[in-house]
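Asker: Contents of query-v3.txt (compact mmCIF, N, CA and C atoms):
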# COMPACT_ATOMS: atom_id res chain seq x y z
N GLN A 26 23.50 -2.66 2.69
CA GLN A 26 22.82 -2.08 1.53
C GLN A 26 21.34 -2.46 1.54
N ALA A 27 20.47 -1.48 1.33
CA ALA A 27 19.04 -1.74 1.33
C ALA A 27 18.66 -2.61 0.13
N GLN A 28 17.77 -3.55 0.36
CA GLN A 28 17.38 -4.41 -0.75
C GLN A 28 16.02 -5.05 -0.50
N LEU A 29 15.44 -5.50 -1.63
CA LEU A 29 14.22 -6.31 -1.60
C LEU A 29 14.59 -7.66 -2.19
N VAL A 30 14.19 -8.72 -1.52
CA VAL A 30 14.53 -10.06 -1.99
C VAL A 30 13.24 -10.85 -2.21
N GLU A 31 13.04 -11.26 -3.48
CA GLU A 31 11.84 -12.02 -3.82
C GLU A 31 12.13 -13.52 -3.78
N SER A 32 11.07 -14.27 -3.58
CA SER A 32 11.17 -15.74 -3.64
C SER A 32 9.82 -16.30 -4.03
N GLY A 33 9.83 -17.55 -4.52
CA GLY A 33 8.57 -18.24 -4.78
C GLY A 33 8.22 -18.43 -6.24
N GLY A 34 9.01 -17.91 -7.15
CA GLY A 34 8.71 -18.11 -8.56
C GLY A 34 8.97 -19.55 -8.98
N GLY A 35 8.58 -19.85 -10.22
CA GLY A 35 8.83 -21.19 -10.72
C GLY A 35 7.90 -21.54 -11.87
N LEU A 36 7.87 -22.82 -12.19
CA LEU A 36 7.05 -23.33 -13.28
C LEU A 36 5.78 -23.97 -12.69
N VAL A 37 4.65 -23.61 -13.27
CA VAL A 37 3.38 -24.15 -12.80
C VAL A 37 2.47 -24.37 -14.01
N GLN A 38 1.61 -25.35 -13.91
CA GLN A 38 0.67 -25.62 -14.99
C GLN A 38 -0.50 -24.64 -14.95
N PRO A 39 -1.13 -24.41 -16.09
CA PRO A 39 -2.33 -23.55 -16.10
C PRO A 39 -3.36 -24.05 -15.09
N GLY A 40 -3.94 -23.09 -14.36
CA GLY A 40 -4.89 -23.42 -13.32
C GLY A 40 -4.26 -23.63 -11.97
N GLY A 41 -2.95 -23.67 -11.92
CA GLY A 41 -2.24 -23.89 -10.66
C GLY A 41 -2.05 -22.63 -9.86
N SER A 42 -1.33 -22.76 -8.76
CA SER A 42 -1.11 -21.64 -7.83
C SER A 42 0.37 -21.49 -7.50
N LEU A 43 0.74 -20.26 -7.21
CA LEU A 43 2.08 -19.95 -6.70
C LEU A 43 1.94 -18.84 -5.68
N ARG A 44 2.91 -18.80 -4.76
CA ARG A 44 2.93 -17.75 -3.75
C ARG A 44 4.28 -17.06 -3.82
N LEU A 45 4.25 -15.77 -4.10
CA LEU A 45 5.48 -14.97 -4.14
C LEU A 45 5.64 -14.21 -2.82
N SER A 46 6.85 -14.16 -2.35
CA SER A 46 7.15 -13.40 -1.13
C SER A 46 8.27 -12.42 -1.39
N CYS A 47 8.25 -11.34 -0.65
CA CYS A 47 9.29 -10.31 -0.78
C CYS A 47 9.60 -9.77 0.61
N ALA A 48 10.88 -9.72 0.92
CA ALA A 48 11.31 -9.20 2.21
C ALA A 48 12.22 -8.00 1.99
N ALA A 49 11.93 -6.93 2.70
CA ALA A 49 12.75 -5.74 2.64
C ALA A 49 13.75 -5.76 3.79
N SER A 50 14.99 -5.44 3.47
CA SER A 50 15.99 -5.40 4.53
C SER A 50 16.83 -4.12 4.42
N ARG A 51 17.19 -3.60 5.56
CA ARG A 51 18.06 -2.41 5.67
C ARG A 51 17.47 -1.20 4.97
N ILE A 52 16.14 -1.13 4.87
CA ILE A 52 15.49 0.09 4.38
C ILE A 52 15.11 0.90 5.60
N ILE A 53 15.79 2.01 5.79
CA ILE A 53 15.66 2.75 7.04
C ILE A 53 14.46 3.68 7.04
N PHE A 54 13.91 3.99 5.86
CA PHE A 54 12.75 4.87 5.78
C PHE A 54 11.47 4.07 5.90
N SER A 55 10.42 4.71 6.37
CA SER A 55 9.14 4.04 6.50
C SER A 55 8.59 3.69 5.11
N ILE A 56 8.19 2.43 4.93
CA ILE A 56 7.66 2.00 3.64
C ILE A 56 6.17 2.31 3.58
N ASN A 57 5.76 3.07 2.58
CA ASN A 57 4.36 3.43 2.42
C ASN A 57 3.60 2.36 1.67
N THR A 58 3.94 2.16 0.42
CA THR A 58 3.25 1.18 -0.42
C THR A 58 4.22 0.08 -0.84
N MET A 59 3.73 -1.13 -0.82
CA MET A 59 4.49 -2.26 -1.36
C MET A 59 3.66 -2.90 -2.47
N GLY A 60 4.35 -3.42 -3.46
CA GLY A 60 3.59 -3.98 -4.56
C GLY A 60 4.37 -4.94 -5.41
N TRP A 61 3.69 -5.48 -6.39
CA TRP A 61 4.27 -6.40 -7.35
C TRP A 61 3.99 -5.88 -8.76
N TYR A 62 5.02 -5.90 -9.56
CA TYR A 62 4.92 -5.57 -10.98
C TYR A 62 5.43 -6.78 -11.76
N ARG A 63 5.10 -6.82 -13.03
CA ARG A 63 5.61 -7.91 -13.86
C ARG A 63 5.96 -7.39 -15.25
N GLN A 64 6.88 -8.11 -15.87
CA GLN A 64 7.28 -7.77 -17.22
C GLN A 64 7.41 -9.05 -18.03
N ALA A 65 6.57 -9.16 -19.04
CA ALA A 65 6.61 -10.31 -19.94
C ALA A 65 7.56 -9.99 -21.09
N PRO A 66 8.08 -11.00 -21.77
CA PRO A 66 8.99 -10.76 -22.89
C PRO A 66 8.37 -9.84 -23.94
N GLY A 67 9.09 -8.80 -24.30
CA GLY A 67 8.63 -7.88 -25.33
C GLY A 67 7.58 -6.89 -24.88
N LYS A 68 7.29 -6.88 -23.58
CA LYS A 68 6.26 -5.97 -23.08
C LYS A 68 6.85 -5.06 -22.00
N GLU A 69 6.12 -3.99 -21.72
CA GLU A 69 6.55 -3.08 -20.67
C GLU A 69 6.17 -3.63 -19.29
N ARG A 70 6.88 -3.15 -18.29
CA ARG A 70 6.57 -3.53 -16.92
C ARG A 70 5.21 -2.95 -16.55
N GLU A 71 4.39 -3.77 -15.87
CA GLU A 71 3.06 -3.33 -15.50
C GLU A 71 2.76 -3.67 -14.05
N LEU A 72 1.88 -2.88 -13.46
CA LEU A 72 1.45 -3.13 -12.10
C LEU A 72 0.59 -4.38 -12.04
N VAL A 73 0.86 -5.23 -11.07
CA VAL A 73 0.02 -6.40 -10.80
C VAL A 73 -0.90 -6.09 -9.63
N ALA A 74 -0.30 -5.69 -8.51
CA ALA A 74 -1.07 -5.37 -7.31
C ALA A 74 -0.20 -4.56 -6.37
N LYS A 75 -0.84 -3.70 -5.58
CA LYS A 75 -0.12 -2.95 -4.57
C LYS A 75 -0.98 -2.79 -3.33
N ILE A 76 -0.32 -2.54 -2.22
CA ILE A 76 -1.01 -2.43 -0.95
C ILE A 76 -0.36 -1.35 -0.11
N THR A 77 -1.19 -0.51 0.49
CA THR A 77 -0.67 0.58 1.31
C THR A 77 -0.41 0.09 2.73
N ARG A 78 0.19 0.95 3.51
CA ARG A 78 0.48 0.61 4.89
C ARG A 78 -0.81 0.34 5.67
N GLY A 79 -1.90 0.97 5.23
CA GLY A 79 -3.19 0.77 5.86
C GLY A 79 -4.01 -0.34 5.24
N ASP A 80 -3.37 -1.17 4.40
CA ASP A 80 -3.99 -2.34 3.79
C ASP A 80 -5.01 -2.02 2.69
N SER A 81 -4.94 -0.84 2.12
CA SER A 81 -5.75 -0.55 0.95
C SER A 81 -5.06 -1.17 -0.27
N THR A 82 -5.83 -1.89 -1.09
CA THR A 82 -5.23 -2.63 -2.20
C THR A 82 -5.71 -2.13 -3.56
N ASN A 83 -4.89 -2.41 -4.56
CA ASN A 83 -5.22 -2.07 -5.93
C ASN A 83 -4.70 -3.20 -6.82
N TYR A 84 -5.54 -3.69 -7.72
CA TYR A 84 -5.17 -4.81 -8.59
C TYR A 84 -5.34 -4.44 -10.05
N ALA A 85 -4.50 -5.02 -10.89
CA ALA A 85 -4.73 -4.94 -12.32
C ALA A 85 -6.00 -5.71 -12.64
N ASP A 86 -6.74 -5.23 -13.63
CA ASP A 86 -8.00 -5.90 -13.98
C ASP A 86 -7.77 -7.35 -14.35
N SER A 87 -6.64 -7.64 -14.96
CA SER A 87 -6.37 -8.99 -15.46
C SER A 87 -6.17 -10.01 -14.34
N VAL A 88 -5.93 -9.55 -13.11
CA VAL A 88 -5.67 -10.50 -12.01
C VAL A 88 -6.72 -10.44 -10.92
N LYS A 89 -7.68 -9.53 -11.04
CA LYS A 89 -8.71 -9.41 -10.01
C LYS A 89 -9.47 -10.73 -9.85
N GLY A 90 -9.66 -11.12 -8.60
CA GLY A 90 -10.37 -12.36 -8.31
C GLY A 90 -9.48 -13.59 -8.33
N ARG A 91 -8.25 -13.43 -8.81
CA ARG A 91 -7.32 -14.58 -8.87
C ARG A 91 -6.11 -14.38 -7.96
N PHE A 92 -5.65 -13.14 -7.83
CA PHE A 92 -4.47 -12.84 -7.04
C PHE A 92 -4.88 -12.08 -5.78
N THR A 93 -4.12 -12.31 -4.71
CA THR A 93 -4.35 -11.61 -3.45
C THR A 93 -3.02 -11.12 -2.89
N ILE A 94 -2.96 -9.83 -2.59
CA ILE A 94 -1.74 -9.26 -2.01
C ILE A 94 -1.96 -9.02 -0.53
N SER A 95 -0.92 -9.23 0.24
CA SER A 95 -0.99 -8.96 1.68
C SER A 95 0.40 -8.53 2.15
N ARG A 96 0.46 -7.91 3.32
CA ARG A 96 1.75 -7.46 3.84
C ARG A 96 1.79 -7.56 5.35
N ASP A 97 3.00 -7.61 5.86
CA ASP A 97 3.25 -7.58 7.29
C ASP A 97 4.11 -6.36 7.56
N ASN A 98 3.53 -5.32 8.11
CA ASN A 98 4.27 -4.07 8.31
C ASN A 98 5.41 -4.24 9.30
N ALA A 99 5.21 -5.06 10.30
CA ALA A 99 6.24 -5.24 11.31
C ALA A 99 7.48 -5.92 10.72
N LYS A 100 7.27 -6.82 9.78
CA LYS A 100 8.38 -7.56 9.18
C LYS A 100 8.82 -6.97 7.84
N ASN A 101 8.12 -5.95 7.35
CA ASN A 101 8.42 -5.38 6.03
C ASN A 101 8.43 -6.45 4.94
N THR A 102 7.38 -7.24 4.93
CA THR A 102 7.24 -8.26 3.89
C THR A 102 5.92 -8.07 3.15
N VAL A 103 5.92 -8.51 1.90
CA VAL A 103 4.70 -8.49 1.09
C VAL A 103 4.60 -9.83 0.36
N THR A 104 3.38 -10.32 0.24
CA THR A 104 3.14 -11.62 -0.36
C THR A 104 2.08 -11.50 -1.45
N LEU A 105 2.27 -12.25 -2.51
CA LEU A 105 1.29 -12.30 -3.59
C LEU A 105 0.87 -13.75 -3.78
N GLN A 106 -0.37 -14.04 -3.44
CA GLN A 106 -0.94 -15.37 -3.68
C GLN A 106 -1.60 -15.37 -5.04
N MET A 107 -1.12 -16.24 -5.91
CA MET A 107 -1.61 -16.29 -7.29
C MET A 107 -2.31 -17.61 -7.52
N ASN A 108 -3.59 -17.55 -7.82
CA ASN A 108 -4.39 -18.73 -8.09
C ASN A 108 -4.92 -18.70 -9.52
N SER A 109 -5.38 -19.84 -9.99
CA SER A 109 -5.94 -19.95 -11.34
C SER A 109 -5.03 -19.31 -12.37
N LEU A 110 -3.77 -19.66 -12.30
CA LEU A 110 -2.78 -19.04 -13.18
C LEU A 110 -3.03 -19.40 -14.64
N LYS A 111 -2.72 -18.44 -15.51
CA LYS A 111 -2.91 -18.58 -16.94
C LYS A 111 -1.56 -18.42 -17.64
N PRO A 112 -1.43 -18.95 -18.85
CA PRO A 112 -0.16 -18.76 -19.58
C PRO A 112 0.21 -17.28 -19.73
N GLU A 113 -0.77 -16.42 -19.84
CA GLU A 113 -0.47 -14.99 -20.00
C GLU A 113 0.04 -14.34 -18.72
N ASP A 114 0.04 -15.07 -17.62
CA ASP A 114 0.66 -14.57 -16.39
C ASP A 114 2.18 -14.80 -16.38
N THR A 115 2.67 -15.48 -17.38
CA THR A 115 4.11 -15.73 -17.46
C THR A 115 4.87 -14.42 -17.59
N ALA A 116 5.81 -14.20 -16.68
CA ALA A 116 6.56 -12.95 -16.65
C ALA A 116 7.60 -13.02 -15.53
N VAL A 117 8.47 -12.04 -15.53
CA VAL A 117 9.32 -11.81 -14.36
C VAL A 117 8.55 -10.86 -13.44
N TYR A 118 8.43 -11.27 -12.19
CA TYR A 118 7.69 -10.50 -11.20
C TYR A 118 8.67 -9.75 -10.30
N TYR A 119 8.42 -8.46 -10.13
CA TYR A 119 9.31 -7.60 -9.36
C TYR A 119 8.58 -7.04 -8.14
N CYS A 120 9.24 -7.09 -7.02
CA CYS A 120 8.73 -6.48 -5.81
C CYS A 120 9.12 -5.00 -5.78
N ASN A 121 8.24 -4.18 -5.27
CA ASN A 121 8.47 -2.73 -5.21
C ASN A 121 8.10 -2.21 -3.83
N ALA A 122 8.90 -1.29 -3.33
CA ALA A 122 8.60 -0.63 -2.06
C ALA A 122 8.78 0.87 -2.22
N VAL A 123 7.79 1.62 -1.81
CA VAL A 123 7.80 3.08 -1.98
C VAL A 123 7.94 3.74 -0.61
N THR A 124 8.96 4.59 -0.48
CA THR A 124 9.10 5.40 0.71
C THR A 124 8.99 6.87 0.32
N SER A 125 9.04 7.76 1.28
CA SER A 125 8.95 9.18 0.99
C SER A 125 10.23 9.70 0.33
N ILE A 126 11.29 8.90 0.37
CA ILE A 126 12.59 9.33 -0.17
C ILE A 126 12.84 8.73 -1.55
N MET A 127 12.58 7.44 -1.70
CA MET A 127 12.87 6.77 -2.97
C MET A 127 12.10 5.47 -3.08
N ASP A 128 12.09 4.93 -4.30
CA ASP A 128 11.52 3.62 -4.56
C ASP A 128 12.61 2.57 -4.55
N TYR A 129 12.24 1.37 -4.13
CA TYR A 129 13.16 0.24 -4.17
C TYR A 129 12.56 -0.86 -5.04
N TRP A 130 13.44 -1.60 -5.71
CA TRP A 130 13.01 -2.71 -6.57
C TRP A 130 13.83 -3.95 -6.26
N GLY A 131 13.15 -5.09 -6.32
CA GLY A 131 13.87 -6.35 -6.25
C GLY A 131 14.43 -6.72 -7.61
N LYS A 132 15.19 -7.80 -7.64
CA LYS A 132 15.82 -8.23 -8.89
C LYS A 132 14.88 -9.04 -9.77
N GLY A 133 13.76 -9.48 -9.20
CA GLY A 133 12.77 -10.20 -9.99
C GLY A 133 12.83 -11.70 -9.80
N THR A 134 11.67 -12.33 -9.96
CA THR A 134 11.58 -13.78 -9.91
C THR A 134 10.69 -14.24 -11.06
N LEU A 135 11.13 -15.27 -11.76
CA LEU A 135 10.44 -15.71 -12.96
C LEU A 135 9.28 -16.64 -12.62
N VAL A 136 8.13 -16.32 -13.19
CA VAL A 136 6.95 -17.19 -13.10
C VAL A 136 6.62 -17.66 -14.51
N THR A 137 6.57 -18.97 -14.69
CA THR A 137 6.25 -19.55 -15.98
C THR A 137 5.02 -20.43 -15.83
N VAL A 138 3.99 -20.12 -16.61
CA VAL A 138 2.76 -20.90 -16.58
C VAL A 138 2.65 -21.65 -17.91
N SER A 139 2.84 -22.95 -17.83
CA SER A 139 2.88 -23.74 -19.06
C SER A 139 2.57 -25.19 -18.75
N SER A 140 1.96 -25.85 -19.71
CA SER A 140 1.70 -27.28 -19.57
C SER A 140 2.81 -28.09 -20.22
Would you put the structure from the file into structure tokens?
Answerer:
Amino acid sequence: QAQLVESGGGLVQPGGSLRLSCAASRIIFSINTMGWYRQAPGKERELVAKITRGDSTNYADSVKGRFTISRDNAKNTVTLQMNSLKPEDTAVYYCNAVTSIMDYWGKGTLVTVSS
């Protein structure tokens, strides 16, 4: 069964860093865009960052300059380096992969920024 598996979430103090990773497995179609979305309690899911197969990136204004997305096309992995974390970054982070046939979503990993 095709799936995306996230890792790297956890509890971190404000100003700290976390690195999220996502690996795609058994996705037989070519992955065009990979990205990260997040959903905070009581809020809608929102785009954090995405990256195309050609390494073109797009970031939410709230994370520009703090987060960096990267991917390895050969391994079908995407990574989100999060620095200078703020309490408002607290959310469940979801990995997303877009193919010409369908979108795939991971189950999510919780990031909590708190002192």
Asker: Could you check how far CA of Phe92 in chain A sits from CA of Ala122 in chain A, in Å to one decimal?
Answerer: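 CA of Ala122 in chain A lies 18.6 Å from CA of Phe92 in chain A.
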Asker: Return the single residue from A:Ala65, A:Arg91, A:Gln28, A:Gly35 that is closest to Thr134 in chain A, with distances computed using only N, CA and C atoms.
Answerer: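 Between A:Ala65, A:Arg91, A:Gln28, A:Gly35, the residue approaching Thr134 in chain A most closely is A:Gly35.
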Asker: So that I can check the surroundings of Ser42 in chain A, please list as a PyMOL selection string every protein, DNA and RNA residue that reaches within 7 Å of it, counting all atoms listed in the file and ignoring chain neighbours fewer than 3 positions away.
Answerer: chain A and resi 37-39+106-110
Asker: Could you tell me how far CA of Ser139 in chain A sits from CA of Val103 in chain A, in Å to one decimal place?
Answerer: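 Atom-to-atom, CA of Val103 in chain A to CA of Ser139 in chain A, that is 25.3 Å.
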Asker: Please write as a VMD selection string the list of polymer residues whose atoms come within 7 Å of (9.6, -3.3, -6.4), counting only N, CA and C atoms and keeping to the coordinates of the file.
Answerer: chain A and resid 60 to 62 119 to 123 128 to 131
Asker: One number please: atom C of Gln26 in chain A to atom N of Ser50 in chain A, in Å, one decimal.
Answerer: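 Taking atom C of Gln26 in chain A as the start and atom N of Ser50 in chain A as the end point, the length is 7.3 Å.
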Asker: Contacts of Arg63 in chain A at 8 Å or less, counting only N, CA and C atoms, minus same-chain residues fewer than 5 places along, as a PyMOL selection string?
Answerer: chain A and resi 68-74+115-120
Asker: Please return as a PyMOL selection string: the residues of range 30-133 of chain A that backbone DSSP assigns to strand (DSSP E or B).
Answerer: chain A and resi 30-32+35-37+43-50+56-64+71-77+82-84+92-97+102-107+116-124+128-130
Asker: So that I can check the surroundings of Leu45 in chain A, please list as a list in words every protein, DNA and RNA residue that reaches within 8 Å of it, counting only C-alpha atoms and ignoring chain neighbours fewer than 3 positions away.
Answerer: Glu31, Ser32, Gly33, Gly34, Thr104, Leu105, Gln106 and Met107 of chain A
Asker: Quick one: of A:Glu113, A:Leu135, A:Ser46, A:Ser125, who's nearest to Leu29 in chain A, counting only N, CA and C atoms?
Answerer: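 Using only N, CA and C atoms, Leu29 in chain A sits closest to A:Ser46.
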Asker: Here is a test: counting only C-alpha atoms, which residue of A:Arg96, A:Ile126, A:Ala85, A:Leu36 is nearest to Ile53 in chain A?
Answerer: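 Nearest to Ile53 in chain A: A:Ile126.
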Asker: What's around range 79-82 of chain A at 10 Å? Count only C-alpha atoms, leave out sequence neighbours fewer than 5 positions away in its own chain, and write the answer as a PDB file with N, CA and C atoms, in the coordinates of the input.
Answerer:
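Written output follows (around20.pdb):
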ATOM      1  N   ASN A  57       5.760   3.070   2.580  1.00  0.00           N
ATOM      2  CA  ASN A  57       4.360   3.430   2.420  1.00  0.00           C
ATOM      3  C   ASN A  57       3.600   2.360   1.670  1.00  0.00           C
ATOM      4  N   THR A  58       3.940   2.160   0.420  1.00  0.00           N
ATOM      5  CA  THR A  58       3.250   1.180  -0.420  1.00  0.00           C
ATOM      6  C   THR A  58       4.220   0.080  -0.840  1.00  0.00           C
ATOM      7  N   MET A  59       3.730  -1.130  -0.820  1.00  0.00           N
ATOM      8  CA  MET A  59       4.490  -2.260  -1.360  1.00  0.00           C
ATOM      9  C   MET A  59       3.660  -2.900  -2.470  1.00  0.00           C
ATOM     10  N   GLY A  60       4.350  -3.420  -3.460  1.00  0.00           N
ATOM     11  CA  GLY A  60       3.590  -3.980  -4.560  1.00  0.00           C
ATOM     12  C   GLY A  60       4.370  -4.940  -5.410  1.00  0.00           C
ATOM     13  N   ALA A  74      -0.300  -5.690  -8.510  1.00  0.00           N
ATOM     14  CA  ALA A  74      -1.070  -5.370  -7.310  1.00  0.00           C
ATOM     15  C   ALA A  74      -0.200  -4.560  -6.370  1.00  0.00           C
ATOM     16  N   THR A  93      -4.120 -12.310  -4.710  1.00  0.00           N
ATOM     17  CA  THR A  93      -4.350 -11.610  -3.450  1.00  0.00           C
ATOM     18  C   THR A  93      -3.020 -11.120  -2.890  1.00  0.00           C
ATOM     19  N   ILE A  94      -2.960  -9.830  -2.590  1.00  0.00           N
ATOM     20  CA  ILE A  94      -1.740  -9.260  -2.010  1.00  0.00           C
ATOM     21  C   ILE A  94      -1.960  -9.020  -0.530  1.00  0.00           C
ATOM     22  N   SER A  95      -0.920  -9.230   0.240  1.00  0.00           N
ATOM     23  CA  SER A  95      -0.990  -8.960   1.680  1.00  0.00           C
ATOM     24  C   SER A  95       0.400  -8.530   2.150  1.00  0.00           C
ATOM     25  N   ARG A  96       0.460  -7.910   3.320  1.00  0.00           N
ATOM     26  CA  ARG A  96       1.750  -7.460   3.840  1.00  0.00           C
ATOM     27  C   ARG A  96       1.790  -7.560   5.350  1.00  0.00           C
ATOM     28  N   ASP A  97       3.000  -7.610   5.860  1.00  0.00           N
ATOM     29  CA  ASP A  97       3.250  -7.580   7.290  1.00  0.00           C
ATOM     30  C   ASP A  97       4.110  -6.360   7.560  1.00  0.00           C
ATOM     31  N   ASN A  98       3.530  -5.320   8.110  1.00  0.00           N
ATOM     32  CA  ASN A  98       4.270  -4.070   8.310  1.00  0.00           C
ATOM     33  C   ASN A  98       5.410  -4.240   9.300  1.00  0.00           C
TER      34      ASN A  98
END
Asker: May I ask which of the residues A:Val88, A:Cys47, A:Thr137, A:Gly67 is the closest one to Lys100 in chain A, counting all atoms listed in the file?
Answerer: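 For Lys100 in chain A, the nearest of the candidates is A:Cys47.
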Asker: May I have all residues of range 70-120 of chain A that DSSP, computed from the backbone, assigns to helix (DSSP H, G or I), given as a ChimeraX atom specification?
Answerer: /A:86-88,112-114
Asker: Missing atoms in range 54-65 of chain A need filling: write out N, CA, C and O atoms for it as a tab-separated table (two decimals), in the frame of the given file.
Answerer:
chain	number	residue	atom	x	y	z
A	54	PHE	N	13.91	3.99	5.86
A	54	PHE	CA	12.75	4.87	5.78
A	54	PHE	C	11.47	4.07	5.90
A	54	PHE	O	11.42	2.90	5.53
A	55	SER	N	10.42	4.71	6.37
A	55	SER	CA	9.14	4.04	6.50
A	55	SER	C	8.59	3.69	5.11
A	55	SER	O	8.54	4.55	4.22
A	56	ILE	N	8.19	2.43	4.93
A	56	ILE	CA	7.66	2.00	3.64
A	56	ILE	C	6.17	2.31	3.58
A	56	ILE	O	5.40	1.85	4.42
A	57	ASN	N	5.76	3.07	2.58
A	57	ASN	CA	4.36	3.43	2.42
A	57	ASN	C	3.60	2.36	1.67
A	57	ASN	O	2.74	1.69	2.20
A	58	THR	N	3.94	2.16	0.42
A	58	THR	CA	3.25	1.18	-0.42
A	58	THR	C	4.22	0.08	-0.84
A	58	THR	O	5.38	0.35	-1.14
A	59	MET	N	3.73	-1.13	-0.82
A	59	MET	CA	4.49	-2.26	-1.36
A	59	MET	C	3.66	-2.90	-2.47
A	59	MET	O	2.42	-2.88	-2.41
A	60	GLY	N	4.35	-3.42	-3.46
A	60	GLY	CA	3.59	-3.98	-4.56
A	60	GLY	C	4.37	-4.94	-5.41
A	60	GLY	O	5.56	-5.19	-5.17
A	61	TRP	N	3.69	-5.48	-6.39
A	61	TRP	CA	4.27	-6.40	-7.35
A	61	TRP	C	3.99	-5.88	-8.76
A	61	TRP	O	2.85	-5.49	-9.07
A	62	TYR	N	5.02	-5.90	-9.56
A	62	TYR	CA	4.92	-5.57	-10.98
A	62	TYR	C	5.43	-6.78	-11.76
A	62	TYR	O	6.11	-7.64	-11.21
A	63	ARG	N	5.10	-6.82	-13.03
A	63	ARG	CA	5.61	-7.91	-13.86
A	63	ARG	C	5.96	-7.39	-15.25
A	63	ARG	O	5.41	-6.39	-15.72
A	64	GLN	N	6.88	-8.11	-15.87
A	64	GLN	CA	7.28	-7.77	-17.22
A	64	GLN	C	7.41	-9.05	-18.03
A	64	GLN	O	8.25	-9.90	-17.73
A	65	ALA	N	6.57	-9.16	-19.04
A	65	ALA	CA	6.61	-10.31	-19.94
A	65	ALA	C	7.56	-9.99	-21.09
A	65	ALA	O	7.81	-8.81	-21.40
